[in-house]
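Shown below: data-v2.txt, with compact mmCIF, C-alpha atoms.
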```
# COMPACT_ATOMS: atom_id res chain seq x y z
CA MET A 879 124.05 138.64 99.35
CA GLY A 880 122.93 141.30 101.78
CA GLY A 881 119.73 141.31 103.72
CA VAL A 882 119.79 144.11 106.25
CA GLY A 883 120.31 147.80 105.52
CA PHE A 884 124.05 147.54 106.10
CA PHE A 885 124.18 146.06 102.57
CA SER A 886 121.60 148.29 100.87
CA GLY A 887 123.91 150.81 99.21
CA ARG A 888 121.53 153.52 100.40
CA SER A 889 123.84 155.10 102.99
CA VAL A 890 127.55 155.48 103.59
CA LEU A 891 127.47 152.44 105.88
CA GLY A 892 125.21 150.61 103.44
CA GLN A 893 127.87 151.12 100.75
CA THR A 894 130.83 150.06 102.91
CA LEU A 895 130.11 146.35 103.34
CA PRO A 896 129.15 145.71 99.71
CA ALA A 897 132.35 147.42 98.59
CA LEU A 898 134.35 144.65 100.28
CA PHE A 899 133.11 142.07 97.76
CA HIS A 900 133.60 141.52 94.04
CA GLU A 901 129.80 141.33 93.68
CA ALA A 902 127.07 142.53 96.00
CA HIS A 903 123.34 141.96 95.70
CA TRP A 904 120.58 143.64 97.71
CA SER A 905 117.05 144.76 96.94
CA PRO A 906 114.03 145.71 99.00
CA ALA A 907 112.57 142.27 98.18
CA THR A 908 115.60 140.57 99.76
CA GLY A 909 115.51 142.85 102.79
CA THR A 910 113.89 142.78 106.19
CA GLY A 911 110.14 142.59 106.57
CA HIS A 912 109.46 140.50 103.46
CA ARG A 913 108.02 137.04 104.12
CA ASP A 914 109.77 135.54 101.10
CA SER A 915 113.09 137.39 101.44
CA ALA A 916 115.03 134.18 102.16
CA ALA A 917 113.72 132.47 99.04
CA ARG A 918 114.57 135.53 96.94
CA GLN A 919 118.07 135.71 98.43
CA VAL A 920 118.65 132.02 97.73
CA GLU A 921 117.38 132.45 94.18
CA VAL A 922 119.95 135.18 93.46
CA ALA A 923 122.79 133.38 95.27
CA ALA A 924 122.13 130.05 93.51
CA ARG A 925 121.92 131.77 90.11
CA ARG A 926 125.24 133.51 90.69
CA LEU A 927 126.90 130.29 91.91
CA GLU A 928 125.88 128.60 88.68
CA ALA A 929 127.33 131.45 86.60
CA VAL A 930 130.64 132.13 88.37
CA PRO A 931 133.48 129.68 87.69
CA GLY A 932 136.24 128.78 90.14
CA ARG A 933 136.46 129.35 93.85
CA VAL A 934 133.81 131.47 95.50
CA PHE A 935 133.40 133.09 98.88
CA LEU A 936 129.69 133.58 99.42
CA LEU A 937 128.27 135.54 102.34
CA VAL A 938 124.52 135.45 102.76
CA ASN A 939 123.06 137.76 105.39
CA PHE A 940 119.54 136.36 105.71
CA ALA A 941 117.17 139.24 106.39
CA ALA A 942 114.27 137.03 107.48
CA THR A 943 115.51 136.49 111.02
CA HIS A 944 116.21 140.19 111.57
CA ALA A 945 113.55 142.55 112.87
CA PRO A 946 110.83 142.85 111.91
CA THR A 947 110.01 139.15 112.03
CA ARG A 948 106.26 139.63 112.62
CA PRO A 949 105.45 139.40 108.86
CA HIS A 950 106.24 135.67 109.17
CA VAL A 951 103.19 135.11 111.41
CA PRO A 952 99.93 136.42 109.93
CA GLY A 953 98.26 138.79 112.36
CA ALA A 954 101.27 139.18 114.66
CA ARG A 955 101.48 142.72 116.00
CA ARG A 956 104.99 142.58 117.44
CA ASP A 957 108.13 140.51 117.12
CA SER A 958 108.33 137.58 119.52
CA PRO A 959 110.10 134.26 119.93
CA ASN A 960 107.25 132.78 117.87
CA THR A 961 107.79 135.17 114.95
CA GLN A 962 111.55 134.60 115.19
CA ARG A 963 111.02 130.82 114.93
CA ALA A 964 108.69 131.31 111.96
CA ALA A 965 111.33 133.49 110.26
CA LEU A 966 113.98 130.85 110.85
CA ARG A 967 111.67 128.20 109.38
CA SER A 968 111.36 130.36 106.25
CA VAL A 969 115.16 130.37 105.91
CA ASP A 970 115.32 126.60 106.44
CA ALA A 971 112.63 126.08 103.79
CA ALA A 972 114.48 128.29 101.31
CA LEU A 973 117.88 126.56 101.60
CA PRO A 974 117.55 123.46 99.33
CA PRO A 975 118.26 125.27 96.01
CA LEU A 976 121.32 126.97 97.53
CA LEU A 977 122.62 123.72 99.00
CA GLY A 978 122.08 122.05 95.63
CA ALA A 979 124.02 124.77 93.82
CA LEU A 980 126.85 124.44 96.34
CA ARG A 981 126.94 120.63 96.00
CA ARG A 982 127.22 120.93 92.23
CA ARG A 983 130.37 123.03 92.73
CA GLY A 984 132.05 120.36 94.88
CA ASP A 985 132.94 120.12 98.54
CA THR A 986 132.04 123.31 100.41
CA LEU A 987 132.87 124.57 103.87
CA LEU A 988 129.72 126.12 105.32
CA ILE A 989 130.08 128.44 108.28
CA LEU A 990 126.70 129.30 109.72
CA TYR A 991 126.19 131.92 112.39
CA GLY A 992 123.95 134.72 113.52
CA ASP A 993 125.12 138.30 113.78
CA HIS A 994 123.50 138.79 117.19
CA GLY A 995 120.79 137.52 119.48
CA THR A 996 117.60 139.36 120.38
CA CYS A 997 115.75 140.05 123.62
CA PHE A 998 112.00 139.57 123.75
CA GLY A 999 111.29 141.09 127.16
CA GLU A 1000 113.95 139.25 129.15
CA ASP A 1001 115.03 141.41 132.10
CA GLY A 1002 112.77 144.12 130.63
CA TYR A 1003 114.77 144.44 127.39
CA TRP A 1004 113.53 144.31 123.80
CA GLY A 1005 115.57 144.17 120.61
CA HIS A 1006 119.26 143.76 119.90
CA ARG A 1007 120.88 147.18 120.13
CA LEU A 1008 121.76 146.73 123.78
CA ALA A 1009 124.29 145.05 126.03
CA HIS A 1010 122.65 141.83 127.24
CA PRO A 1011 123.95 138.24 127.30
CA LEU A 1012 121.11 137.10 125.01
CA VAL A 1013 122.22 139.64 122.40
CA TRP A 1014 125.84 138.52 122.74
CA THR A 1015 124.93 134.82 122.42
CA VAL A 1016 125.36 133.97 118.77
CA PRO A 1017 124.68 130.53 117.24
CA TYR A 1018 127.57 129.06 115.28
CA ALA A 1019 128.19 125.86 113.32
CA GLU A 1020 130.59 124.70 110.66
CA VAL A 1021 129.81 121.85 108.29
CA LEU A 1022 131.60 120.26 105.36
CA LEU A 1023 128.97 119.93 102.64
CA ARG A 1024 130.09 117.16 100.32
CA GLY A 1025 129.79 117.85 96.63
CA ALA A 1026 127.84 115.73 94.20
CA ALA A 1027 129.89 112.78 93.00
```

Write the structure described by the file as structure tokens, please.
Amino acid sequence: MGGVGFFSGRSVLGQTLPALFHEAHWSPATGTGHRDSAARQVEVAARRLEAVPGRVFLLVNFAATHAPTRPHVPGARRDSPNTQRAALRSVDAALPPLLGALRRRGDTLLILYGDHGTCFGEDGYWGHRLAHPLVWTVPYAEVLLRGAA
């Protein structure tokens, strides 16, 4: 379940990552800059989990936390730590249906991580396409989600 343009199918690079999977799903509504992209991504992922039998490897690249994040704060004119937090809250709020679909399948290993950090003016840098420790610092967690008994 792609979020950023690397999964869009609209360029050579955007066709490469989706080609690595049996199924790939991306649409403008699940992409960056849409306030409800996380909920739409979860909707598609949960629907597919319900339909596909057997073992599944699911990768969800949440677009919400990727620039631009300003749509998550009405009136925001530029991305900021505040818009990033609001984007992350939108992902958190969208997760329950996906977690429910995973629980119904049984025990699931969740590996959660970001693809990069972002600078918001630190040391004069903005964005993520640069060499800075804040860009290299990536959150990571692994959790065993117990299935429904």

(request) Skip region 881-891 of chain A itself and residues of its chain fewer than 5 positions away, then list as JSON, numbers by chain all residues within 10 Å of it, counting only C-alpha atoms. (result) {"A": [896, 897, 902, 903, 904, 905, 906, 907, 908, 909, 910, 911, 915, 916, 919, 938, 939, 940, 941, 942, 943, 944, 945]}

(request) Name the residues in contact with Asp993 (chain A) at a cut-off of 8 Å, using only C-alpha atoms, excluding same-chain residues fewer than 2 positions from it; report them as an MDAnalysis selection string. (result) chainID A and resid 991 995 1016

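Between CA of Leu987 (chain A) and CA of Leu1022 (chain A) the interatomic distance comes to 4.7 Å.
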
(message) Under the rule that all atoms listed in the file are counted, which of A:Leu973, A:Leu1023, A:Cys997, A:Leu1012 is the nearest residue to Glu921 (chain A)?
(response) A:Leu973

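The space separating CA of Ala924 (chain A) from CA of Leu976 (chain A) comes to 5.1 Å.
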
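Close contacts of Gly932 (chain A), defined as residues with an atom at most 10 Å away when counting all atoms listed in the file, with chain neighbours fewer than 3 positions off set aside, comprise Leu927, Ala929 and Arg983 of chain A.
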
(request) Determine the nearest neighbour of Glu928 (chain A) from the options A:Pro975, A:Pro1017, A:Gly992, A:Gly1002, counting all atoms listed in the file. (result)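 Ranking A:Pro975, A:Pro1017, A:Gly992, A:Gly1002 by distance to Glu928 (chain A), first place goes to A:Pro975.
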
(request) Find, counting all atoms listed in the file, the residue in A:Phe899, A:Ala1026, A:Thr947, A:Ala917 that gets nearest to Asp970 (chain A). (result)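 With all atoms listed in the file as the atom set, the closest residue is A:Ala917.
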
(message) Using all atoms listed in the file for the distances, tell me which of A:Leu898, A:Ala964, A:Met879, A:Leu936 is nearest to Arg918 (chain A).
(response)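 The answer is A:Met879, which sits nearest to Arg918 (chain A).
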
(request) Dig up all the protein and nucleic acid residues within 12 Å of (122.2, 140.8, 122.6) in the file frame, using all atoms listed in the file, and format them as a list in words. (result)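 Protein, DNA and RNA residues close to (122.2, 140.8, 122.6): Gly992, Asp993, His994, Gly995, Thr996, Cys997, Phe998, Gly999, Glu1000, Asp1001, Tyr1003, Trp1004, Gly1005, His1006, Arg1007, Leu1008, Ala1009, His1010, Pro1011, Leu1012, Val1013, Trp1014, Thr1015, Val1016 and Pro1017 of chain A.
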
(request) Write out as JSON, numbers by chain the residues lying within 9 Å of Pro949 (chain A), counting all atoms listed in the file and excluding same-chain residues fewer than 4 positions away. (result) {"A": [911, 912, 913, 953, 954, 955, 957, 961, 965]}

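Reported to one decimal place, the separation of CA of Ala923 (chain A) from CA of Pro974 (chain A) is 11.9 Å.
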
(request) Counting only C-alpha atoms, figure out which residue out of A:Val922, A:Val934, A:Leu895, A:Ala1019 gets nearest to Leu980 (chain A). (result) A:Val934
